[in-house]
>>> print(open('structure_11.cif').read())   # mmCIF, C-alpha atoms
data_structure
loop_
_atom_site.label_atom_id
_atom_site.label_comp_id
_atom_site.auth_asym_id
_atom_site.auth_seq_id
_atom_site.Cartn_x
_atom_site.Cartn_y
_atom_site.Cartn_z
CA MET A 4 13.39 78.02 -0.38
CA ILE A 5 15.09 75.17 -2.19
CA ALA A 6 13.29 72.89 -4.66
CA LYS A 7 14.68 69.42 -5.36
CA ILE A 8 13.00 67.59 -8.24
CA THR A 9 12.95 63.87 -9.01
CA ARG A 10 11.00 61.64 -11.39
CA GLY A 11 10.12 58.01 -10.84
CA SER A 12 8.06 55.08 -12.00
CA ARG A 13 6.59 53.76 -8.72
CA ALA A 14 4.21 55.91 -6.69
CA GLY A 15 4.20 53.32 -3.92
CA ASP A 16 7.93 53.71 -3.29
CA ILE A 17 7.78 57.44 -2.68
CA ALA A 18 4.63 56.98 -0.56
CA ALA A 19 6.40 54.41 1.63
CA TYR A 20 9.32 56.77 2.10
CA LEU A 21 7.20 59.81 2.88
CA HIS A 22 4.99 58.08 5.43
CA GLY A 23 7.66 55.89 7.00
CA PRO A 24 9.75 56.79 10.05
CA GLY A 25 12.96 57.12 8.03
CA LYS A 26 16.00 54.87 8.05
CA THR A 27 18.83 57.30 8.74
CA ALA A 28 16.91 60.17 10.34
CA MET A 29 13.50 60.27 12.00
CA HIS A 30 10.94 62.12 9.90
CA THR A 31 9.09 64.32 12.37
CA TYR A 32 7.20 67.59 12.48
CA HIS A 33 5.12 69.45 15.03
CA ASP A 34 1.39 69.75 14.47
CA ARG A 35 -0.67 72.84 15.28
CA ASP A 36 -0.97 71.72 18.92
CA GLY A 37 2.81 71.41 19.20
CA ALA A 38 2.78 67.61 19.38
CA GLU A 39 5.55 65.78 17.53
CA GLN A 40 4.36 63.60 14.65
CA VAL A 41 6.40 60.78 13.13
CA GLY A 42 6.23 60.20 9.39
CA GLY A 43 4.51 62.34 6.79
CA ILE A 44 0.90 63.43 6.62
CA VAL A 45 -1.08 64.65 3.63
CA ILE A 46 -2.10 68.28 4.13
CA GLY A 47 -3.44 69.18 0.69
CA GLY A 48 -3.54 68.54 -3.03
CA THR A 49 -6.22 67.65 -5.59
CA LEU A 50 -7.02 64.27 -4.06
CA ALA A 51 -9.43 63.96 -1.13
CA MET A 52 -6.70 62.54 1.11
CA ARG A 53 -6.06 65.21 3.73
CA GLY A 54 -4.90 63.60 6.96
CA ASP A 55 -3.70 60.39 5.30
CA THR A 56 -0.61 58.89 6.92
CA THR A 57 -0.62 55.55 5.09
CA GLY A 58 0.13 56.51 1.49
CA ARG A 59 -3.09 55.12 0.02
CA TRP A 60 -3.06 58.09 -2.37
CA ALA A 61 -0.41 56.24 -4.40
CA ALA A 62 -3.14 53.99 -5.85
CA GLU A 63 -4.84 56.97 -7.49
CA LEU A 64 -1.56 58.15 -9.03
CA ARG A 65 -0.92 54.64 -10.34
CA GLU A 66 -4.39 54.52 -11.85
CA ALA A 67 -3.86 57.82 -13.67
CA ALA A 68 -0.43 56.76 -14.92
CA ALA A 69 -1.85 53.49 -16.24
CA SER A 70 -3.67 55.40 -18.98
CA ARG A 71 -0.28 55.96 -20.66
CA PRO A 72 1.84 52.85 -19.93
CA GLU A 73 4.53 53.95 -22.40
CA ILE A 74 5.50 56.85 -20.08
CA THR A 75 8.35 55.25 -18.14
CA LYS A 76 8.56 57.84 -15.34
CA PRO A 77 5.05 59.15 -14.76
CA ILE A 78 5.62 60.27 -11.14
CA TRP A 79 6.95 63.79 -10.55
CA GLN A 80 8.09 64.77 -7.07
CA VAL A 81 9.56 67.93 -5.59
CA SER A 82 10.64 68.73 -2.05
CA LEU A 83 10.32 72.35 -0.94
CA ARG A 84 12.63 73.18 1.96
CA CYS A 85 13.01 76.40 3.91
CA ALA A 86 16.32 77.69 5.26
CA PRO A 87 17.19 76.91 8.91
CA GLU A 88 16.71 80.58 9.76
CA ASP A 89 13.15 80.65 8.40
CA ARG A 90 10.11 80.34 10.62
CA ALA A 91 8.11 77.10 10.45
CA LEU A 92 5.18 77.54 8.09
CA THR A 93 1.80 76.27 9.24
CA ASP A 94 -0.04 73.46 7.44
CA ALA A 95 -2.38 76.04 5.93
CA GLU A 96 0.52 78.14 4.67
CA TRP A 97 2.25 75.11 3.17
CA ARG A 98 -1.04 74.04 1.54
CA ASP A 99 -1.52 77.43 -0.06
CA ALA A 100 2.13 77.65 -1.06
CA ALA A 101 1.94 74.21 -2.67
CA THR A 102 -1.14 75.21 -4.65
CA VAL A 103 0.62 78.32 -5.95
CA PHE A 104 3.73 76.27 -6.78
CA MET A 105 1.83 73.59 -8.71
CA THR A 106 -0.13 76.26 -10.59
CA ARG A 107 3.13 77.93 -11.66
CA MET A 108 4.41 74.53 -12.79
CA GLY A 109 1.26 73.82 -14.81
CA LEU A 110 0.39 70.77 -12.71
CA GLU A 111 -2.60 72.16 -10.85
CA ASP A 112 -5.10 69.91 -12.70
CA ARG A 113 -3.08 66.70 -12.25
CA PRO A 114 -3.62 64.22 -9.39
CA TRP A 115 -1.23 65.39 -6.66
CA VAL A 116 -0.74 65.55 -2.91
CA VAL A 117 1.39 67.64 -0.58
CA VAL A 118 2.90 65.74 2.33
CA ARG A 119 4.22 67.53 5.41
CA HIS A 120 7.48 65.73 6.12
CA ALA A 121 9.19 67.90 8.73
CA ASP A 122 8.98 71.33 10.29
CA ASP A 123 11.02 72.83 7.45
CA HIS A 124 9.87 71.01 4.33
CA VAL A 125 7.11 69.31 2.39
CA HIS A 126 6.95 66.97 -0.60
CA LEU A 127 4.64 67.44 -3.57
CA VAL A 128 3.96 64.26 -5.55
CA ALA A 129 2.01 64.27 -8.81
CA SER A 130 1.16 62.07 -11.74
CA ARG A 131 2.43 63.60 -14.96
CA VAL A 132 -0.47 61.82 -16.66
CA THR A 133 -4.14 62.71 -16.21
CA ASP A 134 -6.98 60.18 -16.08
CA THR A 135 -7.68 61.03 -19.71
CA GLY A 136 -4.11 60.32 -20.82
CA GLN A 137 -2.80 63.86 -21.17
CA VAL A 138 0.93 64.08 -20.39
CA TRP A 139 2.78 66.98 -18.74
CA HIS A 140 6.34 66.99 -20.09
CA GLY A 141 7.86 69.69 -17.88
CA ARG A 142 10.89 70.32 -20.05
CA GLN A 143 11.69 73.53 -18.15
CA ASP A 144 10.62 72.26 -14.73
CA TYR A 145 13.83 73.20 -12.93
CA ARG A 146 13.76 76.79 -14.19
CA GLN A 147 10.04 77.12 -13.49
CA ALA A 148 10.58 75.78 -9.97
CA GLN A 149 13.21 78.42 -9.24
CA THR A 150 10.85 81.16 -10.35
CA ALA A 151 8.02 79.74 -8.24
CA CYS A 152 10.29 79.45 -5.18
CA ALA A 153 11.34 83.08 -5.55
CA GLU A 154 7.69 84.11 -5.57
CA LEU A 155 6.98 82.08 -2.42
CA GLU A 156 10.03 83.53 -0.64
CA GLU A 157 8.69 87.01 -1.18
CA ALA A 158 5.12 86.07 -0.27
CA TYR A 159 6.06 84.39 3.04
CA GLY A 160 9.08 86.48 4.01
CA LEU A 161 11.58 83.63 3.64
CA GLN A 162 15.34 83.65 3.07
CA VAL A 163 16.31 84.19 -0.56
CA ALA A 164 18.08 81.10 -1.88
CA PRO A 165 21.01 81.47 -4.33
CA ARG A 166 19.63 80.97 -7.80
CA GLU A 167 20.49 83.97 -9.98
CA THR A 168 22.06 83.21 -13.34
CA THR A 169 23.94 86.49 -13.57
CA ARG A 170 27.51 86.94 -14.74
CA VAL A 171 28.62 87.00 -11.11
CA SER A 172 26.77 83.83 -10.12
CA ARG A 173 28.13 81.94 -13.12
CA ARG A 174 31.66 82.98 -12.19
CA ALA A 175 30.97 81.88 -8.63
CA ALA A 176 30.08 78.37 -9.80
CA ASP A 177 26.78 78.96 -8.01
CA HIS A 178 25.32 75.67 -9.23
CA GLN A 179 28.15 73.84 -7.42
CA ILE A 180 27.67 75.49 -4.03
CA THR A 181 26.60 72.93 -1.46
CA ARG A 182 23.76 73.30 0.98
CA GLY A 183 26.23 73.62 3.86
CA GLU A 184 28.16 76.38 2.08
CA ARG A 185 24.94 78.20 1.33
CA HIS A 186 23.69 78.06 4.92
CA GLN A 187 27.03 79.28 6.28
CA ALA A 188 26.99 82.15 3.80
CA LEU A 189 23.46 83.05 4.88
CA ARG A 190 24.51 83.07 8.54
CA THR A 191 27.73 85.03 8.12
CA HIS A 192 26.84 87.16 5.05
CA VAL A 193 30.25 86.17 3.66
CA PRO A 194 30.52 84.57 0.18
CA PRO A 195 31.50 80.89 0.17
CA GLU A 196 35.19 80.06 0.23
CA ARG A 197 35.17 78.86 -3.36
CA VAL A 198 33.62 82.13 -4.58
CA GLU A 199 36.44 84.24 -3.17
CA LEU A 200 39.09 81.69 -4.16
CA ALA A 201 37.86 81.73 -7.76
CA THR A 202 38.25 85.52 -7.84
CA VAL A 203 41.88 85.31 -6.72
CA VAL A 204 42.76 82.46 -9.11
CA ARG A 205 41.24 84.32 -12.06
CA ALA A 206 43.35 87.37 -11.22
CA CYS A 207 46.49 85.20 -11.07
CA ALA A 208 45.65 83.78 -14.49
CA ALA A 209 45.15 87.31 -15.87
CA ARG A 210 48.58 88.41 -14.62
CA ALA A 211 50.20 85.31 -16.11
CA VAL A 212 48.83 85.71 -19.64
CA GLY A 213 51.42 84.46 -22.08
CA GLY A 214 53.77 83.33 -19.31
CA GLY A 215 52.82 79.66 -19.24
CA THR A 216 52.42 77.50 -16.15
CA ASP A 217 55.59 78.83 -14.49
CA ALA A 218 54.25 82.38 -14.44
CA PHE A 219 50.80 81.22 -13.31
CA GLU A 220 52.18 79.16 -10.44
CA ALA A 221 54.41 82.03 -9.37
CA GLU A 222 51.36 84.30 -9.21
CA LEU A 223 49.46 81.69 -7.18
CA GLU A 224 52.31 81.49 -4.69
CA LYS A 225 52.44 85.28 -4.34
CA ALA A 226 48.67 85.34 -3.74
CA GLY A 227 48.93 82.64 -1.06
CA VAL A 228 46.88 80.11 -3.03
CA GLU A 229 47.66 76.44 -2.47
CA PHE A 230 47.69 74.41 -5.68
CA GLU A 231 48.58 71.06 -7.17
CA ALA A 232 49.11 70.39 -10.86
CA ASN A 233 47.70 67.23 -12.35
CA ARG A 234 50.46 65.95 -14.57
CA ALA A 235 50.75 62.45 -15.97
CA THR A 236 54.03 60.53 -15.82
CA THR A 237 54.46 61.45 -19.48
CA GLY A 238 54.44 65.12 -18.46
CA ARG A 239 51.06 65.78 -20.03
CA MET A 240 49.20 68.48 -18.12
CA SER A 241 45.45 68.13 -17.44
CA GLY A 242 44.72 70.90 -14.94
CA TYR A 243 44.97 72.18 -11.38
CA LYS A 244 43.25 71.96 -8.06
CA PHE A 245 43.32 74.89 -5.64
CA GLY A 246 42.99 75.51 -1.92
CA THR A 247 43.25 78.16 0.76
CA GLY A 248 45.29 76.08 3.18
CA ARG A 249 42.22 74.97 5.13
CA VAL A 250 42.10 71.35 6.32
CA ASP A 251 39.13 69.15 7.14
CA GLU A 252 38.36 67.39 10.43
CA ALA A 253 40.76 64.59 9.49
CA GLY A 254 43.56 67.09 8.93
CA GLN A 255 43.51 66.64 5.15
CA PRO A 256 43.82 69.65 2.82
CA VAL A 257 40.56 70.87 1.30
CA TRP A 258 40.91 71.15 -2.47
CA PHE A 259 38.69 72.59 -5.17
CA LYS A 260 38.95 71.41 -8.74
CA ALA A 261 39.04 74.17 -11.33
CA SER A 262 35.56 73.19 -12.51
CA GLN A 263 34.28 73.74 -8.95
CA LEU A 264 35.47 77.35 -9.05
CA ASP A 265 34.92 78.61 -12.57
CA LYS A 266 34.56 76.84 -15.91
CA THR A 267 37.05 79.28 -17.44
CA LEU A 268 39.73 77.80 -15.15
CA ALA A 269 39.38 74.33 -16.69
CA TRP A 270 42.65 73.38 -18.35
CA SER A 271 41.17 73.32 -21.85
CA LYS A 272 40.48 77.07 -21.47
CA LEU A 273 43.19 78.10 -19.01
CA SER A 274 45.98 76.67 -21.16
CA GLN A 275 44.91 78.91 -24.04
CA VAL A 276 45.21 81.95 -21.76
CA LEU A 277 48.59 81.02 -20.32
CA ASP A 278 50.06 80.20 -23.70
CA ALA A 279 48.63 83.27 -25.44
CA PRO A 280 50.86 86.19 -26.41
CA PRO A 281 50.82 88.78 -23.63
CA PRO A 282 48.81 91.93 -24.35
CA SER A 283 50.93 94.59 -25.99
CA GLN A 284 52.02 97.43 -23.73
CA ARG A 285 52.46 100.97 -24.89
CA VAL A 286 56.04 101.56 -23.92
CA GLN A 287 57.05 105.16 -24.46
CA VAL A 288 60.82 105.19 -24.80
CA PRO A 289 62.68 108.10 -26.41
CA GLU A 290 64.69 107.33 -29.48
CA LYS A 291 68.25 106.28 -28.90
CA GLY A 292 70.51 109.25 -28.40
CA LEU A 293 73.45 109.80 -30.71
CA LEU A 294 75.98 109.44 -27.91
CA GLU A 295 73.99 106.85 -25.89
CA SER A 296 75.48 103.38 -25.69
CA LYS A 297 73.47 100.41 -26.86
CA ALA A 298 73.57 98.84 -23.36
CA LYS A 299 72.23 102.00 -21.72
CA TYR A 300 69.46 102.32 -24.28
CA GLN A 301 68.41 98.67 -23.83
CA ALA A 302 68.38 99.19 -20.07
CA ARG A 303 66.01 102.15 -20.49
CA VAL A 304 63.72 100.05 -22.74
CA ALA A 305 63.70 97.20 -20.19
CA GLU A 306 62.89 99.65 -17.39
CA ALA A 307 60.01 101.12 -19.37
CA GLN A 308 58.66 97.67 -20.14
CA THR A 309 58.84 96.73 -16.45
CA GLU A 310 56.94 99.87 -15.49
CA ALA A 311 54.29 99.10 -18.10
CA THR A 312 53.90 95.56 -16.76
CA GLN A 313 53.62 96.87 -13.20
CA ARG A 314 50.91 99.28 -14.29
CA ARG A 315 49.03 96.44 -15.94
CA HIS A 316 49.32 94.28 -12.82
CA GLN A 317 48.10 97.19 -10.72
CA GLN A 318 45.08 97.56 -12.99
CA ILE A 319 44.38 93.84 -12.72
CA GLY A 320 44.66 94.05 -8.93
CA GLN A 321 42.19 96.93 -8.84
CA ALA A 322 39.82 94.97 -11.09
CA GLN A 323 40.17 91.98 -8.77
CA LEU A 324 39.23 94.09 -5.74
CA ALA A 325 36.27 95.51 -7.64
CA GLU A 326 35.11 92.02 -8.62
CA MET A 327 35.47 90.74 -5.05
CA GLY A 328 33.37 93.69 -3.92
CA GLU A 329 30.81 92.90 -6.62
CA VAL A 330 30.58 89.28 -5.46
CA ALA A 331 30.29 90.36 -1.81
CA ASN A 332 27.53 92.83 -2.70
CA TRP A 333 25.76 90.12 -4.68
CA TRP A 334 25.72 87.85 -1.63
CA ALA A 335 24.72 90.65 0.73
CA LYS A 336 21.80 91.58 -1.52
CA ARG A 337 20.49 88.03 -1.88
CA ASN A 338 20.81 87.44 1.89
CA GLU A 339 18.76 90.46 2.92
CA THR A 340 15.78 89.54 5.05
#
>>> encode(input="structure_11.cif", output="structure tokens")
Amino acid sequence: MIAKITRGSRAGDIAAYLHGPGKTAMHTYHDRDGAEQVGGIVIGGTLAMRGDTTGRWAAELREAAASRPEITKPIWQVSLRCAPEDRALTDAEWRDAATVFMTRMGLEDRPWVVVRHADDHVHLVASRVTDTGQVWHGRQDYRQAQTACAELEEAYGLQVAPRETTRVSRRAADHQITRGERHQALRTHVPPERVELATVVRACAARAVGGGTDAFEAELEKAGVEFEANRATTGRMSGYKFGTGRVDEAGQPVWFKASQLDKTLAWSKLSQVLDAPPPSQRVQVPEKGLLESKAKYQARVAEAQTEATQRRHQQIGQAQLAEMGEVANWWAKRNET
């Protein structure tokens, strides 16, 4: 379940939207008899408005908000949407779920309504201000909403939406993943393209430590990663964008900015890695023999250094595979039904 939160100043505007037919897409849902309904209908809340399809409830929210005119955005609204694979919840289930959600948010005693807007989602609209002038600030509303959604997913057997803030999810730029990417991942049980691409690019950066942009780009080419450097005419570097070679419907390459993959790949951070001294390698080379020429000894040192570098790259490659497995397991776990 996905929660999308907005705040506004005009209850009438959101009411007109929720109960209207929709400009770009028809707002419809099927009632308990299977008949298709156009526009939203109130199915619950703290106002005695169940069955309303006109939006007259907005007047009561305006009246409550008027007690604190200095509050510029007194209307709080959240849409709760199920995944395409989820079953359609009944009006009674949505009503109960909305009550639980608003209780978790601390809005249960405010004037609010829940409007069924389609088979897969509802809207909850509340006044942040009570009739007596008490204000709900909701400074952690996004985080609270994620927790409430997780509870509802478990209670109603719904798909688990990506929302963890673990080390893996932060690396995966989870907050940047689009709805389309998420739904495809849920269907295929394969992490989004950008998640896997970020893993490969990070490994390339690790192998290029201290080697500058030339070494990094060489690693990207070996890994099969498409890239473009953003350099000004003055030669000043400001970062990269990366791709897998995939093109869109128009035949144009699909690119991901570094910030869309992992914040550590932003140029301000990546440049420090590429320009840093490479990690020291323990190169075990016997002391120069008495009869050994200088050239032969230097060749043995160079060979030992090469072997040490290869070992380090092998270790990085193994770590990359382990991380890719960790990311894949993370997605598999969150997509279990």
>>> closest_residue(input="structure_11.cif", among="A:Pro114, A:Gly54, A:Gly47, A:Gly42", to="Ala101 (chain A)", atoms="all atoms listed in the file")
A:Gly47
>>> resolve_selection(input="structure_11.cif", expression="the PyMOL selection byres ((chain A and resi 15) around 10)", output="MDAnalysis selection string")
chainID A and resid 12:14 16:21 58:62 64:65
>>> atom_distance(input="structure_11.cif", atom1="CA of Met4 (chain A)", atom2="CA of Arg142 (chain A)")
21.3 Å
>>> residues_around(input="structure_11.cif", residues="region 250-259 of chain A", least_positions_apart="3", cutoff="12 Å", atoms="all atoms listed in the file", output="list in words")
Ala176, Gln179, Ile180, Glu196, Arg197, Val198, Leu200, Ala201, Val204, Val228, Glu229, Phe230, Glu231, Ala232, Gly242, Tyr243, Lys244, Phe245, Gly246, Thr247, Ser262, Gln263, Leu264, Asp265, Leu268 and Ala269 of chain A
>>> atom_distance(input="structure_11.cif", atom1="CA of Gln80 (chain A)", atom2="CA of Arg10 (chain A)")
6.1 Å
>>> resolve_selection(input="structure_11.cif", expression="the PyMOL selection byres ((chain A and resi 87-91) around 8)", output="MDAnalysis selection string")
chainID A and resid 85:86 92:93 122:123 161:162 186
>>> write_last_selection(input="structure_11.cif", atoms="C-alpha atoms", output="compact mmCIF listing (two decimals), keeping the file's coordinate frame")
# COMPACT_ATOMS: atom_id res chain seq x y z
CA CYS A 85 13.01 76.40 3.91
CA ALA A 86 16.32 77.69 5.26
CA LEU A 92 5.18 77.54 8.09
CA THR A 93 1.80 76.27 9.24
CA ASP A 122 8.98 71.33 10.29
CA ASP A 123 11.02 72.83 7.45
CA LEU A 161 11.58 83.63 3.64
CA GLN A 162 15.34 83.65 3.07
CA HIS A 186 23.69 78.06 4.92
>>> atom_distance(input="structure_11.cif", atom1="CA of Thr57 (chain A)", atom2="CA of Glu111 (chain A)")
23.1 Å
>>> closest_residue(input="structure_11.cif", among="A:Asn233, A:Ser274, A:Gln187, A:Thr267", to="Thr202 (chain A)", atoms="only C-alpha atoms")
A:Thr267
>>> closest_residue(input="structure_11.cif", among="A:Thr216, A:Gln137, A:Ser296, A:Thr309", to="Asp278 (chain A)", atoms="only C-alpha atoms")
A:Thr216
>>> residues_around(input="structure_11.cif", residues="Ala69 (chain A)", least_positions_apart="6", cutoff="12 Å", atoms="all atoms listed in the file", output="PyMOL selection string")
chain A and resi 12-14+62-63+75-78+130-138
>>> write_last_selection(input="structure_11.cif", atoms="C-alpha atoms", output="compact mmCIF listing (two decimals), keeping the file's coordinate frame")
# COMPACT_ATOMS: atom_id res chain seq x y z
CA SER A 12 8.06 55.08 -12.00
CA ARG A 13 6.59 53.76 -8.72
CA ALA A 14 4.21 55.91 -6.69
CA ALA A 62 -3.14 53.99 -5.85
CA GLU A 63 -4.84 56.97 -7.49
CA THR A 75 8.35 55.25 -18.14
CA LYS A 76 8.56 57.84 -15.34
CA PRO A 77 5.05 59.15 -14.76
CA ILE A 78 5.62 60.27 -11.14
CA SER A 130 1.16 62.07 -11.74
CA ARG A 131 2.43 63.60 -14.96
CA VAL A 132 -0.47 61.82 -16.66
CA THR A 133 -4.14 62.71 -16.21
CA ASP A 134 -6.98 60.18 -16.08
CA THR A 135 -7.68 61.03 -19.71
CA GLY A 136 -4.11 60.32 -20.82
CA GLN A 137 -2.80 63.86 -21.17
CA VAL A 138 0.93 64.08 -20.39
>>> residues_around(input="structure_11.cif", residues="Ala100 (chain A)", least_positions_apart="3", cutoff="9 Å", atoms="only C-alpha atoms", output="MDAnalysis selection string")
chainID A and resid 95:97 103:105 155 158:159
>>> write_last_selection(input="structure_11.cif", atoms="C-alpha atoms", output="PDB file, in the frame of the given file")
ATOM      1  CA  ALA A  95      -2.380  76.040   5.930  1.00  0.00           C
ATOM      2  CA  GLU A  96       0.520  78.140   4.670  1.00  0.00           C
ATOM      3  CA  TRP A  97       2.250  75.110   3.170  1.00  0.00           C
ATOM      4  CA  VAL A 103       0.620  78.320  -5.950  1.00  0.00           C
ATOM      5  CA  PHE A 104       3.730  76.270  -6.780  1.00  0.00           C
ATOM      6  CA  MET A 105       1.830  73.590  -8.710  1.00  0.00           C
ATOM      7  CA  LEU A 155       6.980  82.080  -2.420  1.00  0.00           C
ATOM      8  CA  ALA A 158       5.120  86.070  -0.270  1.00  0.00           C
ATOM      9  CA  TYR A 159       6.060  84.390   3.040  1.00  0.00           C
TER      10      TYR A 159
END
>>> residues_near_point(input="structure_11.cif", point="(-3.3, 61.8, 2.5)", cutoff="9 Å", atoms="all atoms listed in the file", output="PDB file with C-alpha atoms, in the coordinates of the input")
ATOM      1  CA  GLY A  43       4.510  62.340   6.790  1.00  0.00           C
ATOM      2  CA  ILE A  44       0.900  63.430   6.620  1.00  0.00           C
ATOM      3  CA  VAL A  45      -1.080  64.650   3.630  1.00  0.00           C
ATOM      4  CA  ILE A  46      -2.100  68.280   4.130  1.00  0.00           C
ATOM      5  CA  GLY A  47      -3.440  69.180   0.690  1.00  0.00           C
ATOM      6  CA  GLY A  48      -3.540  68.540  -3.030  1.00  0.00           C
ATOM      7  CA  LEU A  50      -7.020  64.270  -4.060  1.00  0.00           C
ATOM      8  CA  ALA A  51      -9.430  63.960  -1.130  1.00  0.00           C
ATOM      9  CA  MET A  52      -6.700  62.540   1.110  1.00  0.00           C
ATOM     10  CA  ARG A  53      -6.060  65.210   3.730  1.00  0.00           C
ATOM     11  CA  GLY A  54      -4.900  63.600   6.960  1.00  0.00           C
ATOM     12  CA  ASP A  55      -3.700  60.390   5.300  1.00  0.00           C
ATOM     13  CA  THR A  56      -0.610  58.890   6.920  1.00  0.00           C
ATOM     14  CA  THR A  57      -0.620  55.550   5.090  1.00  0.00           C
ATOM     15  CA  GLY A  58       0.130  56.510   1.490  1.00  0.00           C
ATOM     16  CA  ARG A  59      -3.090  55.120   0.020  1.00  0.00           C
ATOM     17  CA  TRP A  60      -3.060  58.090  -2.370  1.00  0.00           C
ATOM     18  CA  VAL A 116      -0.740  65.550  -2.910  1.00  0.00           C
ATOM     19  CA  VAL A 117       1.390  67.640  -0.580  1.00  0.00           C
ATOM     20  CA  VAL A 118       2.900  65.740   2.330  1.00  0.00           C
TER      21      VAL A 118
END
>>> resolve_selection(input="structure_11.cif", expression="the PyMOL selection byres ((chain A and resi 151) around 12)", output="ChimeraX atom specification")
/A:4-6,83,100-109,144-150,152-158,164,166
>>> closest_residue(input="structure_11.cif", among="A:Gln308, A:Gln275, A:Thr236, A:Ser70", to="Gly213 (chain A)", atoms="only C-alpha atoms")
A:Gln275
